[in-house]
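Report on the following structure.
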Amino acid sequence: MRYLPLTPSDREAMLATIGAASIDDLFADVPAEARLDGPIAGLPLHASELAVERHMLALARRNTVAGEVPFFLGCGAYRHHVPASVDHLIQRGEFLTAYTPYQPEIAQGTLQMLFEFQSQVARLFGMDVANASMYDGSTACWEAITMARRITRRGKAVLSGGLHPHYVSVARTMAKYTGDVLDTRLPSLAAEPDTDALIAAIDGETSCVVVQYPDILGRIGDLSALAEACRANKTLLIAVVTEPVALGAIRSPGEMGADIVVGEGQALGVGLQFGGPYVGLFACKQQYVRQMPGRLCGETVDAEGKRGFVLTLSTREQHIRREKATSNICTNSGLCALAFSIHMTLLGEKGLRGLAAINHQAACAAADRLATVPGVELVTPAFFNEFTLRLPQEARPVVRTLAERGVLAGVSLGRLYPGEAALERGLVVAVTETTTTGDVEALATALQEVLA
Amino acid sequence: MNAINQSGWKPEMQPAGEGAAPATHTGNRALMLGEPLIFEIGDSATTGVDLAEVPAGENRLAGLARTAPIGLPGLSEPETVRHYTRLSRQNYAIDLGLFPLGSCTMKHNPRLNEKVARLPGFADVHPLQPVDTVQGALAVINELAFWLIDLTGMHGVAMSPKAGAHGELCGILCIKAALEARGEHDRRVILVPESAHGTNPATAAFAGFKVEDIPATPEGRVDLGALKARLGPDVAGVMITNPNTCGLFERDMKAISDAVHAAGGYVYCDGANFNAIVGRVRPGDLGIDAMHINLHKTFSTPHGGGGPGSGPVVLSKALSPYGPLPFTERHADGHITLVEEETVGDRHPDSFGRMTAFHGQMGMFTRALAYILSHGADGLRQVAEDAVLNANYVLRSLADTLDAPFADSGPCMHEALFSDAGLAEGFSTLDIAKGLIDEGYHPMTVYFPLVVHGAMLVEPTETESKAALDQFIGAVKAVAARAKAGDASLKSAPHFAPRRRLDETLAARKPVLAWQEPAA
């Protein structure tokens with residue numbers, strides 16, 4: 001077996017050192033009725049690299065690859081071009097096969113990278129500090145809600161209808177058990193985000209307002225008035241960013257007064273991967289840092305005065321605080337944070353802004369072209385790289401039919417909001433630098449034929 | 001042939017004092033290369049990507065176009081590759097050597113796993129594509145789920161939890177949902193042994209339970225009598241790690257489960273240490289109701305410097321109905337569908353809901369499936385046997401060197417526990433750890449579990465050769481001898497790492513968590 005270096009004679013010599021007659025002696029504490037006498041039933045015996053690769057390739061071939069067809073899906077996961085050096089660097093064994101940096105003297109590579117990642121995320125979001133990552137955007141969003149509860153000592157969160165429905169769903173699951181009250185609403189196929197309704201919903205019990213920017217339909221709206229209303233009520237404004245590339249084109253939530261900004265970092269460096277692993281981004285104002293969940297990397301010096309980095313403020317965390325911790329999170333998403341950070345370093349400010357401009361321009365052109373398809377209407381006048389169309393019929397079967405024709409047209413709101421008749425004609429279309437004009441033409445043509 | 005370094009070669013070291021290494025102009029020492037922060041070497045005008053210029057013009061950004069600088073430095077591609085390559089060389093990693101971090105299962109990460117995870121059919125697929133276009137991805141989830149159930153002898157599995165602690169939360173929420181379905185709202189207490197991972201009490205508390213300690217016996221196992229005495233109508237369940245964090249198998253596990261069930265509670269098992277028993281013991285046969293499986297431990301997906309992990313949770317028949325969304329369903333014709341919010345009403349009415357966006361850690365599923373198929377039923381059994389053999393070999397080889405508090409409690413499982421008893425006055429576990437760094441090792445887990453003073457928890461894993469273990473054992477003996485002899489130079493170790501001991505107090509007292517431009 002290629003992953004096991006011990007030889008039969010090693011095993012014999014080692015048993016002799018231990019003073020055991022056989023390997024079974026070492027399992028003597030397992031009660032006889034729980035011992036398996038031979039290889040577990042059902043599972044085949046070991047297989048060669050070639051055989052396993054063949055099996056996995058056969059499974060992979062049964063999927064439609066996004067890069068091989070006209071592709072327009074977004075809604076929390078975006079297809080961007082990832083420079084080749086990103087994947088090369090994250091596969092260096094010193095990054096890939098390292099553990100959480102608990103021994104900082106021999107983990108400065110990971111720690112410095114995390115410090116740089118935290119700094120990049122904080123700047124992108126317009127916040128003071130960011131943590132070393134969370135599992136993904138949806139869990140980061142829930143952790144932000146619980147953080148707001150701890151800070152404000154209030155138990156009601158107001159959630160925008162523009163918040164990704166999976167994020168709402170996660171919060172709803174957790175709130176059932178923590179006693180948090182969630183004031184939720186559905187989106188509507190309207191041009192503007194639901195800012196006014198959110199302001200009206202704030203009351204003396206409201207710990208936070210959670211708003212996605214750009215929102216699930218792709219809309220962007222100024223958060224300043226909402227931030228002002230929150231501040232006046234000592235309520236925290238949590239902004240959720242699921243497409244970080246957008247912040248190369250539009251103002252950061254921090255600039256508009258958000259207190260906590262969380263997001264999904266998948267769009268940079270990570271790839272689609274059928275939904276995971278992704279990387280949760282979590283940033284806030286300095287004054288709230290001790291209520292943050294997750295790991296934090298900080299700067300310090302070593303015994304010779306050299307700058308170095310360590311995990312810090314760990315008295316918030318489960319391995320020290322146990323049942324009093326700010327969160328139970330332990331393993332986070334280090335390697336995806338590295339991919340995000342490398343991609344961001346390759347882009348730099350200039351590249352991020354350039355990339356965002358390309359995305360926006362391509363999306364504007366695609367929106368205009370698709371709106372010429374008879375019966376199709378653009379719902380969202382302002383957007384970054386994702387917009388919503390209203391089709392003349394239910395969108396979900398249209399998306400399925402288009403998939404059969406080799407076009408992945410976008411995400412139907414029927415998939416995200418099953419049973420909501422008012423949303424069933426909505427189709428959310430994402431356009432990035434990977435989308436060609438030929439792709440847009442293919443979608444427009446196919447859509448016209450299917451709708452005819 | 002697995003003998004390493006039989007010739008006895010050692011790197012030559014300059015003696016201190018006369019003839020000591022001179023200072024260098026750069027501050028570097030040959031291959032020891034320092035590296036500044038990207039903020040110190042990059043700037044906002046540099047980029048490492050080629051992008052088409054977009055003429056500035058009209059936009060549809062609702063008047064929110066970004067005007068202020070963001071402050072993100074860029075580097076060219078060669079500078080980027082060099083920056084991260086230099087950083088990488090300041091990390092210890094499994095690829096470099098033995099990584100005996102107890103309870104973390106730092107085993108070799110096969111590169112076949114990396115290769116298959118990067119097949120475009122897995123890596124370049126969107127989670128919301130129509131299910132007919134992702135049948136292969138759903139088949140991976142379904143197949144892995146099937147083998148996890150097979151290997152654990154359980155009834156069902158929740159695949160979406162993102163890591164071990166997320167899996168714990170999943171299991172605990174299943175227990176809570178099951179109790180609520182029974183109308184038993186007064187069961188507010190979860191019993192957790194003192195030796196548990198910190199995530200256990202944190203998880204139980206997060207779900208609104210009160211956490212109480214389970215006492216241990218002097219030999220390092222759960223005290224069954226004391227546990228039985230504490231059970232009652234207020235107890236929701238127990239969270240037990242088996243094998244436990246003292247490296248011992250809980251002999252009474254079945255009796256514990258029976259007692260908890262008889263008292264109306266549920267049994268959560270922390271599966272962090274499943275590597276010791278995979279293929280030899282099925283947790284389902286021990287009466288367990290829920291157990292998370294760290295795919296990044298037992299099933300070899302890389303730790304990546306702190307994630308991403310993956311924590312599927314196997315469930316008993318009693319808890320399966322409450323598991324989270326989404327999950328896959330395979331039909332007689334081989335077609336696989338996803339059960340999401342829309343279909344939940346009729347198909348899975350008792351589910352406690354969704355824990356994460358999308359479907360879980362797909363990239364980890366492909367790796368873990370490739371690993372399970374590579375080892376097969378015979379290989380996985382051998383994994384557990386070799387992991388346990390290696391740990392016992394370390395335990396017995398070091399039992400005369402370090403205090404092994406539970407050496408008489410029977411064979412250890414996949415990890416060997418030592419304490420700091422017997423070190424010279426003023427010397428501690430930390431000094432042993434830092435001394436091992438100079439010897440070229442990542443230290444063992446230190447100061448955990450809390451039940452042993454100055455704990456050192458060594459988990460060699462099955463992917464170490466006997467020669468590698470012998471060299472490690474030799475290194476521990478040498479460092480322990482220095483600690484017993486009161487060698488002052490050990491107190492200032494490490495001497496040869498990229499950094500000397502770091503001031504963690506300063507980091508916490510004056511937190512600097514993001515880069516700031518130096519004052520002009």
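Ordered as shown in the structure tokens, chains take letters A, B, and onward, while each chain numbers its residues from 1 and ligands are numbered from 1 in the order shown.
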
Fewer than 3 positions away in the same chain doesn't count, so skip those; otherwise give me all residues within 10 Å of Lys176 (chain A), counting only C-alpha atoms, as a list in words. Ala171, Arg172, Thr173, Gly179, Asp180, Val181 and Leu182 of chain A; Leu173, Ala177, Ala207, Phe352 and Gly353 of chain B

Hey, what's within 7 Å of Ser133 (chain A) if we count only C-alpha atoms and toss same-chain stuff fewer than 5 positions away? As a ChimeraX atom specification, please? /A:279-282,332-334,337

Test item: residues at most 10 Å from Asp37 (chain A), only C-alpha atoms, excluding those fewer than 3 positions along its chain, as a ChimeraX atom specification: /A:24,32,34,40 /B:279-281

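With only C-alpha atoms taken into account, the protein and nucleic acid residues at most 7 Å from region 89-103 of chain A (excluding it and anything under 5 positions from it in its own chain) are A:Thr110, A:Leu111, A:Leu335, A:Leu338, A:Ala339, B:Tyr84, B:Ser88, B:Arg89, B:Asn91, B:Tyr92, B:Ala93, B:Ile94, B:Asp95, B:Pro302, B:His303, B:Gly304, B:Gly305, B:Gly306.
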
Pull N, CA and C atoms from the residues just selected and write them as a PDB file, in the first residue's frame.
ATOM      1  N   THR A 110       2.932  31.017   7.067  1.00  0.00           N
ATOM      2  CA  THR A 110       1.478  31.088   7.191  1.00  0.00           C
ATOM      3  C   THR A 110       1.062  32.350   7.947  1.00  0.00           C
ATOM      4  N   LEU A 111       1.785  32.668   9.020  1.00  0.00           N
ATOM      5  CA  LEU A 111       1.379  33.807   9.849  1.00  0.00           C
ATOM      6  C   LEU A 111       1.530  35.139   9.101  1.00  0.00           C
ATOM      7  N   LEU A 335      -6.019  27.847   3.621  1.00  0.00           N
ATOM      8  CA  LEU A 335      -5.443  27.722   2.275  1.00  0.00           C
ATOM      9  C   LEU A 335      -6.242  28.546   1.255  1.00  0.00           C
ATOM     10  N   LEU A 338      -5.164  32.009   1.628  1.00  0.00           N
ATOM     11  CA  LEU A 338      -3.893  32.197   0.913  1.00  0.00           C
ATOM     12  C   LEU A 338      -4.164  32.430  -0.577  1.00  0.00           C
ATOM     13  N   ALA A 339      -5.046  31.627  -1.156  1.00  0.00           N
ATOM     14  CA  ALA A 339      -5.365  31.789  -2.582  1.00  0.00           C
ATOM     15  C   ALA A 339      -5.950  33.176  -2.837  1.00  0.00           C
TER      16      ALA A 339
ATOM     17  N   TYR B  84       5.801  34.631  -2.120  1.00  0.00           N
ATOM     18  CA  TYR B  84       5.129  33.522  -1.438  1.00  0.00           C
ATOM     19  C   TYR B  84       6.027  32.293  -1.334  1.00  0.00           C
ATOM     20  N   SER B  88       6.847  30.584   2.141  1.00  0.00           N
ATOM     21  CA  SER B  88       6.559  29.156   2.356  1.00  0.00           C
ATOM     22  C   SER B  88       7.723  28.484   3.073  1.00  0.00           C
ATOM     23  N   ARG B  89       8.943  28.948   2.768  1.00  0.00           N
ATOM     24  CA  ARG B  89      10.116  28.299   3.344  1.00  0.00           C
ATOM     25  C   ARG B  89      10.297  28.615   4.827  1.00  0.00           C
ATOM     26  N   ASN B  91       7.892  27.901   6.862  1.00  0.00           N
ATOM     27  CA  ASN B  91       6.895  27.015   7.476  1.00  0.00           C
ATOM     28  C   ASN B  91       7.444  25.609   7.632  1.00  0.00           C
ATOM     29  N   TYR B  92       7.117  24.973   8.741  1.00  0.00           N
ATOM     30  CA  TYR B  92       7.290  23.534   8.850  1.00  0.00           C
ATOM     31  C   TYR B  92       6.054  22.875   8.236  1.00  0.00           C
ATOM     32  N   ALA B  93       6.201  21.661   7.719  1.00  0.00           N
ATOM     33  CA  ALA B  93       5.085  20.999   7.038  1.00  0.00           C
ATOM     34  C   ALA B  93       5.312  19.492   7.019  1.00  0.00           C
ATOM     35  N   ILE B  94       4.255  18.741   6.840  1.00  0.00           N
ATOM     36  CA  ILE B  94       4.389  17.277   6.773  1.00  0.00           C
ATOM     37  C   ILE B  94       5.358  16.885   5.664  1.00  0.00           C
ATOM     38  N   ASP B  95       5.319  17.626   4.576  1.00  0.00           N
ATOM     39  CA  ASP B  95       6.210  17.300   3.469  1.00  0.00           C
ATOM     40  C   ASP B  95       7.684  17.400   3.869  1.00  0.00           C
ATOM     41  N   PRO B 302      -5.604  17.893   2.970  1.00  0.00           N
ATOM     42  CA  PRO B 302      -4.543  18.711   3.580  1.00  0.00           C
ATOM     43  C   PRO B 302      -5.067  19.712   4.613  1.00  0.00           C
ATOM     44  N   HIS B 303      -4.244  19.974   5.628  1.00  0.00           N
ATOM     45  CA  HIS B 303      -4.648  20.944   6.653  1.00  0.00           C
ATOM     46  C   HIS B 303      -4.483  22.382   6.182  1.00  0.00           C
ATOM     47  N   GLY B 304      -3.619  22.595   5.206  1.00  0.00           N
ATOM     48  CA  GLY B 304      -3.546  23.908   4.559  1.00  0.00           C
ATOM     49  C   GLY B 304      -3.184  25.069   5.464  1.00  0.00           C
ATOM     50  N   GLY B 305      -2.476  24.818   6.554  1.00  0.00           N
ATOM     51  CA  GLY B 305      -2.124  25.909   7.459  1.00  0.00           C
ATOM     52  C   GLY B 305      -3.317  26.414   8.255  1.00  0.00           C
ATOM     53  N   GLY B 306      -4.318  25.534   8.465  1.00  0.00           N
ATOM     54  CA  GLY B 306      -5.494  25.941   9.242  1.00  0.00           C
ATOM     55  C   GLY B 306      -6.762  25.906   8.413  1.00  0.00           C
TER      56      GLY B 306
END

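Ranking A:Gly406, A:Pro397, A:Pro214, A:Pro277 by their shortest atom-to-atom distance to chain B, with only C-alpha atoms included, puts A:Pro277 first.
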
Nearest residue to chain B from the set A:Arg295, A:Arg322, A:Arg54, A:Arg149 (distances using only C-alpha atoms):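 Closest to chain B of all the choices is A:Arg322.
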
Skip region 133-145 of chain B itself and residues of its chain fewer than 5 positions away, then list as a PyMOL selection string all residues within 6 Å of it, counting only C-alpha atoms. (chain A and resi 59-60+62-64) or (chain B and resi 369)

CA of Val158 (chain A) to CA of Ala178 (chain B), distance in Å rounded to a single decimal: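 Separation of CA of Val158 (chain A) and CA of Ala178 (chain B): 28.6 Å.
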
Work out how far apart CA of Ile358 (chain A) and CA of Cys284 (chain A) are and give it in Å to one decimal. 29.1 Å

Region 303-392 of chain A: which residues are strand (DSSP E or B) by DSSP, as a PyMOL selection string? chain A and resi 307-312+377-378+383+386-390

Counting only C-alpha atoms, what is within 9 Å of His453 (chain B), bar same-chain residues fewer than 5 positions away, as a count of residues only? 6

Output as a PyMOL selection string all residues of region 284-445 of chain B that backbone DSSP marks as alpha helix (DSSP H). chain B and resi 341-347+362-398+429-438

Can you list, as a VMD selection string, every protein, DNA or RNA residue that comes within 12 Å of Val245 (chain A) when you count only C-alpha atoms, leaving out same-chain residues fewer than 6 positions away? chain A and resid 77 to 81 121 124 to 125 213 to 214 251 to 252 263 to 269 340 343 to 344 347 to 349 351 to 360 384 to 386 432 to 433

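Comparing the minimum interatomic distances between chain B and each of A:Leu296, A:Cys230, A:Val429, A:Leu236, counting only C-alpha atoms, we find that A:Leu296 sits nearest.
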
Best match for closeness to Ala66 (chain A) among B:Leu128, B:Ile437, B:Ala276, B:Ile175, counting only C-alpha atoms: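 Ranking B:Leu128, B:Ile437, B:Ala276, B:Ile175 by distance to Ala66 (chain A), first place goes to B:Leu128.
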
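Considering the residues B:Arg482, B:Lys477, B:His495, B:Arg251 and counting only C-alpha atoms, chain A has its shortest atom-to-atom contact with B:Arg251.
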
Separating CA of Leu447 (chain A) from CA of Val428 (chain A), to the nearest tenth of an Å, is a gap of 13.7 Å

Counting only C-alpha atoms, figure out which residue out of A:Asp183, A:Asp302, A:Glu228, A:Asp215 gets nearest to chain B. A:Asp302
